file work_20.tsv (TSV, C-alpha atoms)
chain	number	residue	atom	x	y	z
M	515	MET	CA	3.35	7.21	-22.13
M	516	ASP	CA	1.77	3.81	-21.35
M	517	PRO	CA	4.04	0.78	-20.94
M	518	PRO	CA	3.78	-1.69	-23.87
M	519	PHE	CA	1.67	-4.26	-22.02
M	520	GLU	CA	0.01	-5.68	-25.14
M	521	GLU	CA	3.33	-6.11	-26.94
M	522	LYS	CA	5.26	-7.65	-24.04
M	523	TYR	CA	2.45	-9.96	-22.88
M	524	LYS	CA	0.98	-10.72	-26.30
M	525	SER	CA	1.21	-14.48	-25.91
M	526	LEU	CA	-0.61	-14.45	-22.57
M	527	LEU	CA	-3.34	-12.17	-23.86
M	528	THR	CA	-3.88	-13.73	-27.28
M	529	ASN	CA	-3.92	-17.25	-25.87
M	530	ALA	CA	-6.71	-16.14	-23.53
M	531	THR	CA	-4.79	-17.45	-20.55
M	532	LEU	CA	-7.67	-16.55	-18.26
M	533	LEU	CA	-7.35	-15.93	-14.57
M	534	SER	CA	-7.38	-18.92	-12.28
M	535	LYS	CA	-10.70	-19.99	-10.82
M	536	ASP	CA	-9.08	-19.27	-7.46
M	537	LYS	CA	-11.38	-16.84	-5.65
M	538	ASP	CA	-8.55	-14.34	-5.31
M	539	TYR	CA	-8.45	-13.80	-9.06
M	540	ILE	CA	-12.04	-14.07	-10.26
M	541	ILE	CA	-13.32	-10.80	-11.76
M	542	MET	CA	-17.06	-10.18	-11.81
M	543	SER	CA	-19.03	-7.41	-13.51
M	544	ASP	CA	-20.59	-6.12	-10.30
M	545	TYR	CA	-19.60	-5.91	-6.64
M	546	GLU	CA	-21.08	-4.65	-3.41
M	547	GLU	CA	-19.70	-1.18	-2.66
M	548	HIS	CA	-18.97	-0.32	0.96
M	549	GLU	CA	-17.86	2.80	2.76
M	550	LEU	CA	-15.05	2.13	5.20
M	551	PRO	CA	-15.38	3.36	8.81
M	552	ILE	CA	-14.75	7.12	8.89
M	553	ILE	CA	-12.73	8.43	11.85
M	554	ASP	CA	-12.24	12.14	12.58
M	555	LEU	CA	-8.68	12.32	13.92
M	556	HIS	CA	-9.14	15.88	15.17
M	557	ARG	CA	-10.91	14.28	18.13
M	558	LEU	CA	-7.53	13.04	19.34
M	559	THR	CA	-6.74	16.67	20.30
M	560	LEU	CA	-9.96	17.27	22.28
M	561	SER	CA	-10.98	16.26	25.81
M	562	SER	CA	-9.67	13.04	27.30
M	563	SER	CA	-13.08	11.37	26.97
M	564	GLU	CA	-13.37	12.37	23.30
M	565	ARG	CA	-9.81	11.22	22.63
M	566	GLU	CA	-10.52	7.86	24.25
M	567	LYS	CA	-13.62	7.37	22.08
M	568	CYS	CA	-11.52	8.09	18.98
M	569	VAL	CA	-8.79	5.67	20.11
M	570	LYS	CA	-11.41	2.95	20.62
M	571	GLU	CA	-12.77	3.52	17.11
M	572	ILE	CA	-9.27	3.26	15.60
M	573	ARG	CA	-8.57	-0.02	17.40
M	574	GLN	CA	-12.01	-1.40	16.56
M	575	ALA	CA	-11.49	-0.63	12.86
M	576	ALA	CA	-8.05	-2.31	13.02
M	577	ARG	CA	-9.64	-5.44	14.53
M	578	GLU	CA	-12.76	-5.67	12.37
M	579	TRP	CA	-11.77	-4.13	9.02
M	580	GLY	CA	-8.01	-3.65	8.92
M	581	PHE	CA	-8.89	-0.44	7.05
M	582	PHE	CA	-10.48	2.89	7.89
M	583	GLN	CA	-10.85	6.36	6.42
M	584	ALA	CA	-9.17	9.26	8.22
M	585	VAL	CA	-10.52	12.81	7.99
M	586	ASN	CA	-8.95	15.87	9.62
M	587	HIS	CA	-5.74	13.87	9.44
M	588	GLY	CA	-3.33	16.79	9.63
M	589	ILE	CA	-1.86	16.65	6.10
M	590	PRO	CA	-2.62	20.04	4.48
M	591	GLN	CA	-4.61	20.01	1.25
M	592	GLU	CA	-1.95	22.00	-0.58
M	593	ILE	CA	0.64	19.33	0.21
M	594	LEU	CA	-1.68	16.60	-1.08
M	595	GLU	CA	-2.46	18.53	-4.25
M	596	GLY	CA	1.23	19.29	-4.79
M	597	ILE	CA	2.38	15.69	-4.72
M	598	GLN	CA	-0.61	14.55	-6.79
M	599	LEU	CA	0.38	17.04	-9.48
M	600	GLU	CA	4.02	15.95	-9.43
M	601	GLN	CA	3.00	12.29	-9.55
M	602	ARG	CA	0.90	12.85	-12.66
M	603	LYS	CA	3.70	14.83	-14.35
M	604	LEU	CA	6.17	12.02	-13.66
M	605	PHE	CA	3.95	9.22	-14.98
M	606	HIS	CA	2.96	11.23	-18.04
M	607	HIS	CA	6.53	11.25	-19.32
M	608	PRO	CA	7.07	9.05	-22.41
M	609	PHE	CA	7.52	5.42	-21.47
M	610	SER	CA	11.03	5.44	-22.95
M	611	LYS	CA	12.07	8.10	-20.45
M	612	LYS	CA	10.48	6.37	-17.46
M	613	ALA	CA	12.19	3.11	-18.42
M	614	GLU	CA	15.66	4.69	-18.39
M	615	GLU	CA	17.92	2.82	-15.98
M	616	ASN	CA	18.47	5.68	-13.55
M	617	ILE	CA	15.45	7.94	-13.87
M	618	LEU	CA	15.36	10.08	-10.69
M	619	ASN	CA	18.95	8.81	-10.12
M	620	LEU	CA	17.33	5.67	-8.69
M	621	SER	CA	16.41	2.19	-9.87
M	622	CYS	CA	12.81	2.51	-8.75
M	623	TYR	CA	10.53	2.15	-11.80
M	624	THR	CA	8.73	-1.09	-12.61
M	625	TRP	CA	5.67	-2.14	-14.60
M	626	GLY	CA	3.78	-5.38	-15.08
M	627	ASN	CA	5.67	-8.50	-14.06
M	628	PRO	CA	8.60	-9.60	-16.25
M	629	THR	CA	8.37	-13.18	-14.96
M	630	ALA	CA	4.60	-13.60	-15.46
M	631	THR	CA	3.64	-16.93	-17.03
M	632	CYS	CA	-0.13	-16.46	-16.75
M	633	LEU	CA	-2.56	-13.59	-16.34
M	634	ARG	CA	-2.98	-14.25	-12.62
M	635	GLN	CA	0.63	-13.07	-12.24
M	636	LEU	CA	0.24	-9.91	-14.34
M	637	PRO	CA	-0.62	-6.59	-12.64
M	638	TRP	CA	-1.69	-3.85	-15.06
M	639	PHE	CA	0.17	-1.02	-13.37
M	640	GLU	CA	3.37	0.97	-13.34
M	641	VAL	CA	5.14	1.95	-10.13
M	642	PHE	CA	7.81	4.22	-8.71
M	643	HIS	CA	8.87	2.54	-5.44
M	644	ILE	CA	11.12	5.00	-3.60
M	645	PRO	CA	13.09	4.20	-0.42
M	646	LEU	CA	12.96	7.46	1.54
M	647	THR	CA	16.63	7.09	2.40
M	648	ASP	CA	17.29	7.88	-1.29
M	649	ILE	CA	15.15	10.98	-1.92
M	650	SER	CA	18.16	13.30	-1.68
M	651	LYS	CA	19.36	11.71	-4.95
M	652	ILE	CA	16.36	13.15	-6.82
M	653	SER	CA	17.59	16.35	-8.43
M	654	GLY	CA	17.81	18.39	-11.62
M	655	GLU	CA	14.53	18.54	-13.54
M	656	TYR	CA	12.86	16.58	-10.74
M	657	LYS	CA	13.66	19.09	-7.99
M	658	SER	CA	9.99	20.04	-7.55
M	659	LEU	CA	9.08	16.35	-7.27
M	660	ARG	CA	11.67	15.88	-4.52
M	661	GLU	CA	10.36	18.92	-2.64
M	662	SER	CA	6.79	17.61	-2.87
M	663	ILE	CA	7.89	14.18	-1.64
M	664	GLU	CA	9.76	15.73	1.29
M	665	ALA	CA	6.75	17.83	2.30
M	666	TYR	CA	4.31	14.94	1.97
M	667	THR	CA	6.38	12.27	3.69
M	668	ALA	CA	7.18	14.54	6.65
M	669	THR	CA	3.47	14.92	7.39
M	670	ALA	CA	2.57	11.31	6.50
M	671	GLU	CA	5.34	10.04	8.80
M	672	LYS	CA	3.90	11.96	11.77
M	673	LEU	CA	0.41	10.62	11.03
M	674	ALA	CA	1.65	7.04	10.69
M	675	ARG	CA	3.74	7.25	13.87
M	676	ASP	CA	0.88	8.74	15.92
M	677	LEU	CA	-1.52	6.03	14.75
M	678	SER	CA	1.05	3.29	15.33
M	679	GLU	CA	1.65	4.43	18.90
M	680	ILE	CA	-2.10	4.41	19.55
M	681	LEU	CA	-2.48	0.94	18.08
M	682	ALA	CA	0.51	-0.41	20.02
M	683	GLU	CA	-0.40	0.95	23.46
M	684	ASN	CA	-2.30	-2.17	24.55
M	685	LEU	CA	-0.07	-4.75	22.84
M	686	GLY	CA	2.94	-4.88	25.14
M	687	VAL	CA	5.09	-3.07	22.55
M	688	SER	CA	7.82	-0.86	24.04
M	689	SER	CA	6.73	2.79	24.23
M	690	THR	CA	9.99	3.78	22.49
M	691	PHE	CA	9.87	1.12	19.74
M	692	PHE	CA	8.74	3.40	16.91
M	693	GLN	CA	11.02	6.25	17.92
M	694	GLU	CA	13.99	3.89	17.95
M	695	ASN	CA	13.19	1.73	14.91
M	696	CYS	CA	10.99	3.70	12.49
M	697	GLN	CA	12.99	6.68	11.32
M	698	PRO	CA	11.78	8.90	8.45
M	699	GLU	CA	14.33	7.30	6.10
M	700	THR	CA	13.30	3.68	6.83
M	701	SER	CA	9.88	3.99	5.18
M	702	TYR	CA	8.90	3.86	1.51
M	703	LEU	CA	6.80	5.89	-0.89
M	704	ARG	CA	5.05	3.93	-3.62
M	705	MET	CA	3.55	5.92	-6.48
M	706	ASN	CA	1.13	3.86	-8.57
M	707	ARG	CA	-0.52	4.45	-11.92
M	708	TYR	CA	-3.04	2.04	-13.42
M	709	PRO	CA	-3.31	2.71	-17.18
M	710	PRO	CA	-6.56	1.99	-19.03
M	711	CYS	CA	-6.76	-1.75	-19.68
M	712	PRO	CA	-8.58	-3.25	-22.70
M	713	PHE	CA	-8.60	-6.61	-20.88
M	714	SER	CA	-10.14	-5.40	-17.63
M	715	SER	CA	-12.44	-8.42	-17.41
M	716	GLU	CA	-9.40	-10.73	-17.40
M	717	VAL	CA	-6.54	-8.77	-15.82
M	718	LEU	CA	-6.23	-7.11	-12.41
M	719	GLY	CA	-4.69	-3.70	-11.79
M	720	ALA	CA	-2.94	-4.90	-8.62
M	721	LEU	CA	-2.82	-8.55	-7.56
M	722	PRO	CA	-4.19	-9.66	-4.16
M	723	HIS	CA	-1.70	-8.84	-1.43
M	724	THR	CA	-1.14	-7.53	2.06
M	725	ASP	CA	1.29	-4.73	2.94
M	726	SER	CA	4.63	-5.47	4.61
M	727	CYS	CA	4.63	-2.50	6.99
M	728	PHE	CA	3.05	-1.34	10.24
M	729	VAL	CA	0.51	0.96	8.60
M	730	ASN	CA	-0.04	2.27	5.10
M	731	VAL	CA	-1.26	5.82	4.51
M	732	LEU	CA	-3.03	5.65	1.15
M	733	ASN	CA	-3.97	8.68	-0.93
M	734	GLN	CA	-6.06	7.66	-3.95
M	735	ASP	CA	-8.05	9.43	-6.65
M	736	GLN	CA	-11.79	9.03	-7.18
M	737	ILE	CA	-11.72	6.43	-9.98
M	738	GLY	CA	-12.29	3.53	-7.61
M	739	GLY	CA	-11.17	-0.08	-8.00
M	740	LEU	CA	-9.79	-0.86	-4.54
M	741	GLN	CA	-11.26	-4.09	-3.15
M	742	LEU	CA	-10.95	-5.89	0.19
M	743	TRP	CA	-11.38	-9.60	0.95
M	744	MET	CA	-14.05	-9.59	3.67
M	745	ASN	CA	-16.26	-12.41	4.92
M	746	GLY	CA	-15.37	-14.72	2.06
M	747	LYS	CA	-15.88	-12.29	-0.82
M	748	TRP	CA	-14.41	-9.25	-2.54
M	749	ILE	CA	-16.07	-5.93	-1.73
M	750	SER	CA	-15.40	-2.59	-3.43
M	751	VAL	CA	-14.36	0.46	-1.43
M	752	LYS	CA	-16.26	3.65	-2.20
M	753	PRO	CA	-13.79	6.52	-2.77
M	754	ASN	CA	-14.04	9.52	-0.44
M	755	PRO	CA	-12.44	12.77	-1.66
M	756	GLU	CA	-12.18	14.11	1.90
M	757	ALA	CA	-10.33	11.15	3.41
M	758	LEU	CA	-7.08	9.24	3.41
M	759	ILE	CA	-7.26	5.47	3.75
M	760	ILE	CA	-5.29	3.87	6.57
M	761	ASN	CA	-4.70	0.15	6.48
M	762	ILE	CA	-3.03	-2.22	8.91
M	763	GLY	CA	0.09	-3.96	7.64
M	764	ASP	CA	1.56	-7.39	8.33
M	765	LEU	CA	3.83	-6.14	11.12
M	766	PHE	CA	0.90	-5.03	13.26
M	767	GLN	CA	-0.90	-8.32	12.67
M	768	VAL	CA	2.16	-10.08	14.11
M	769	ALA	CA	2.65	-7.58	16.97
M	770	SER	CA	-1.02	-7.94	17.93
M	771	ASN	CA	-1.02	-11.75	17.69
M	772	ASP	CA	-3.69	-11.55	14.97
M	773	VAL	CA	-5.94	-9.15	16.92
M	774	TYR	CA	-5.40	-6.49	14.23
M	775	LYS	CA	-5.98	-7.63	10.67
M	776	SER	CA	-3.72	-7.14	7.68
M	777	ILE	CA	-6.44	-7.61	5.08
M	778	ARG	CA	-5.80	-8.90	1.56
M	779	HIS	CA	-6.70	-6.31	-1.02
M	780	ARG	CA	-6.43	-5.81	-4.76
M	781	VAL	CA	-7.24	-3.25	-7.46
M	782	LEU	CA	-9.49	-3.80	-10.46
M	783	ALA	CA	-8.27	-2.53	-13.81
M	784	SER	CA	-10.38	0.09	-15.60
M	785	LYS	CA	-11.13	-0.20	-19.28
M	786	GLN	CA	-11.25	3.54	-19.93
M	787	ALA	CA	-9.77	5.56	-17.05
M	788	GLU	CA	-6.29	5.85	-15.62
M	789	ARG	CA	-6.08	5.59	-11.83
M	790	PHE	CA	-3.50	7.02	-9.43
M	791	SER	CA	-2.68	6.17	-5.85
M	792	LEU	CA	0.11	7.05	-3.45
M	793	ALA	CA	1.12	4.73	-0.60
M	794	TYR	CA	3.25	5.77	2.36
M	795	LEU	CA	4.48	2.50	3.88
M	796	TYR	CA	5.53	3.02	7.49
M	797	CYS	CA	8.39	0.56	8.03
M	798	PRO	CA	11.15	-0.07	10.58
M	799	ARG	CA	14.87	-0.58	10.11
M	800	LYS	CA	15.87	-3.86	8.50
M	801	ASP	CA	17.35	-5.13	11.79
M	802	ALA	CA	14.25	-4.28	13.85
M	803	VAL	CA	12.88	-7.37	15.62
M	804	ILE	CA	9.19	-8.01	15.02
M	805	GLU	CA	7.44	-10.06	17.68
M	806	SER	CA	4.23	-10.20	19.66
M	807	GLY	CA	4.19	-8.95	23.23
M	808	MET	CA	1.16	-11.18	23.83
M	809	LYS	CA	1.77	-14.76	24.93
M	810	PRO	CA	1.63	-17.44	23.74
M	811	SER	CA	2.79	-15.90	20.50
M	812	MET	CA	1.41	-17.22	17.22
M	813	TYR	CA	4.56	-16.13	15.36
M	814	ARG	CA	8.25	-16.71	15.88
M	815	LYS	CA	10.17	-13.47	16.11
M	816	PHE	CA	11.99	-12.24	13.01
M	817	THR	CA	13.65	-9.11	11.71
M	818	PHE	CA	12.03	-6.88	9.15
M	819	GLY	CA	14.95	-7.67	6.85
M	820	GLU	CA	14.18	-11.40	7.10
M	821	LEU	CA	10.58	-10.74	6.07
M	822	THR	CA	11.50	-8.60	3.05
M	823	GLU	CA	14.15	-11.11	1.90
M	824	GLN	CA	11.69	-14.01	2.20
M	825	ASN	CA	9.03	-12.05	0.30
M	826	ALA	CA	11.52	-11.29	-2.48
M	827	ARG	CA	12.43	-14.99	-2.79
M	828	ASP	CA	8.77	-15.97	-2.88
M	829	VAL	CA	7.99	-13.45	-5.63
M	830	ARG	CA	10.92	-14.70	-7.74
M	831	GLU	CA	9.89	-18.33	-7.33
M	832	THR	CA	6.07	-18.17	-7.37
M	833	GLY	CA	5.01	-14.68	-8.45
M	834	ASN	CA	3.50	-13.99	-5.00
M	835	LYS	CA	4.94	-13.22	-1.60
M	836	GLY	CA	4.32	-15.73	1.20
M	837	GLY	CA	4.19	-13.02	3.86
M	838	ILE	CA	3.79	-13.54	7.58
M	839	PRO	CA	2.25	-17.06	7.41
M	840	ARG	CA	5.82	-18.25	6.79
M	841	PHE	CA	6.68	-17.15	10.35
M	842	LEU	CA	3.83	-18.89	12.14
M	843	MET	CA	4.92	-21.09	15.03

call {"tool": "encode", "arguments": {"input": "work_20.tsv", "output": "structure tokens"}}
result
Amino acid sequence: MDPPFEEKYKSLLTNATLLSKDKDYIIMSDYEEHELPIIDLHRLTLSSSEREKCVKEIRQAAREWGFFQAVNHGIPQEILEGIQLEQRKLFHHPFSKKAEENILNLSCYTWGNPTATCLRQLPWFEVFHIPLTDISKISGEYKSLRESIEAYTATAEKLARDLSEILAENLGVSSTFFQENCQPETSYLRMNRYPPCPFSSEVLGALPHTDSCFVNVLNQDQIGGLQLWMNGKWISVKPNPEALIINIGDLFQVASNDVYKSIRHRVLASKQAERFSLAYLYCPRKDAVIESGMKPSMYRKFTFGELTEQNARDVRETGNKGGIPRFLM
């Protein structure tokens, strides 16, 4: 079922084209492990004073970490378990089936990086990246997968919208912005699998990046490997089976004029274990205008479509997306 990484990238691996000495790509044998701030979202439904304390914690985590763990987040356990099961079933198909041009009636499966010229451009993962506008196309033998996606994304969308409205309240963002621009079908579901990697000391599971969204609702297993770039070094995030991870995306960093942080993160490859994660990327329509309500703005305004097109060009030309720094004033 694993993609043929060693066959396709034989020349890179056998020539020991090691990762750049750039700090983003250095892999060490040991890292500090940290637990992200844990926020009980049930407190948002309690007294006004308790709600305000919770709101302050959410905004503080967005400023200082760009990440936090959410417990009592409102997504039922049976929905989480259902989509985790369907995700595993899908990835455990033979590679030849996954690589078919229109699996799921979509062109949504990728693995590695076909344009990689060195190991620093090679992620050891396989991905189903599904625009939610297209989930109605998933049918036939994948009917149960579609039903699980529909159940999960309906609850993840509510969570992402509620958090986004809280984060935006003090930024000068229109109170109707998310209702008008972030519809259920404008977001994306990204299902990731990181196969065991014999070259885990030289190859990353996922390359350093930020997320091009407002917030990402991340559901991961307990294998570990997620790392954040904090205070000039990579730190490992300790998995928590009771929590979802919420991270701030590029769009909120722009909207907040850099008050909220879209933190670079990556995933280490594991030599022996496969790892799964599921990202719900809360995104607006392509014509939605992204700008800061705080003046003077650090960024020129742009549409979400402009950002995604620029990122795609950057990836084709350099192997990495330039992201929001390209829109700095």

call {"tool": "closest_atom_pairs", "arguments": {"input": "work_20.tsv", "of": "range 766-821 of chain M", "to": "range 589-609 of chain M", "cutoff": "12 Å", "atoms": "only C-alpha atoms", "output": "Markdown table"}}
result
| residue | atom | partner | partner_atom | distance |
| --- | --- | --- | --- | --- |
| M:Glu788 | CA | M:Arg602 | CA | 10.5 |
| M:Arg789 | CA | M:Arg602 | CA | 10.1 |
| M:Phe790 | CA | M:Arg602 | CA | 8.0 |
| M:Ser791 | CA | M:Gln598 | CA | 8.7 |
| M:Leu792 | CA | M:Gln598 | CA | 8.2 |
| M:Ala793 | CA | M:Gln598 | CA | 11.7 |

call {"tool": "closest_residue", "arguments": {"input": "work_20.tsv", "among": "M:Asn761, M:Thr669, M:Asn586, M:Asn684", "to": "Ile777 in chain M", "atoms": "all atoms listed in the file"}}
result
M:Asn761

call {"tool": "closest_residue", "arguments": {"input": "work_20.tsv", "among": "M:Arg799, M:Lys657, M:Arg573, M:His643", "to": "Ile760 in chain M", "atoms": "only C-alpha atoms"}}
result
M:Arg573

call {"tool": "closest_residue", "arguments": {"input": "work_20.tsv", "among": "M:Asn733, M:Asp801, M:Met812, M:Thr624", "to": "Val768 in chain M", "atoms": "only C-alpha atoms"}}
result
M:Met812

call {"tool": "closest_residue", "arguments": {"input": "work_20.tsv", "among": "M:Phe816, M:Tyr794, M:Tyr539, M:Tyr774", "to": "Cys632 in chain M", "atoms": "all atoms listed in the file"}}
result
M:Tyr539

call {"tool": "residues_around", "arguments": {"input": "work_20.tsv", "residues": "Lys752 in chain M", "least_positions_apart": "3", "cutoff": "9 Å", "atoms": "all atoms listed in the file", "output": "ChimeraX atom specification"}}
result
/M:547-550,736,738-740

call {"tool": "atom_distance", "arguments": {"input": "work_20.tsv", "atom1": "CA of Glu683 in chain M", "atom2": "CA of Leu646 in chain M"}}
result
26.5 Å

call {"tool": "atom_distance", "arguments": {"input": "work_20.tsv", "atom1": "CA of Glu820 in chain M", "atom2": "CA of Glu578 in chain M"}}
result
28.0 Å

call {"tool": "atom_distance", "arguments": {"input": "work_20.tsv", "atom1": "CA of Ala613 in chain M", "atom2": "CA of Ser658 in chain M"}}
result
20.2 Å
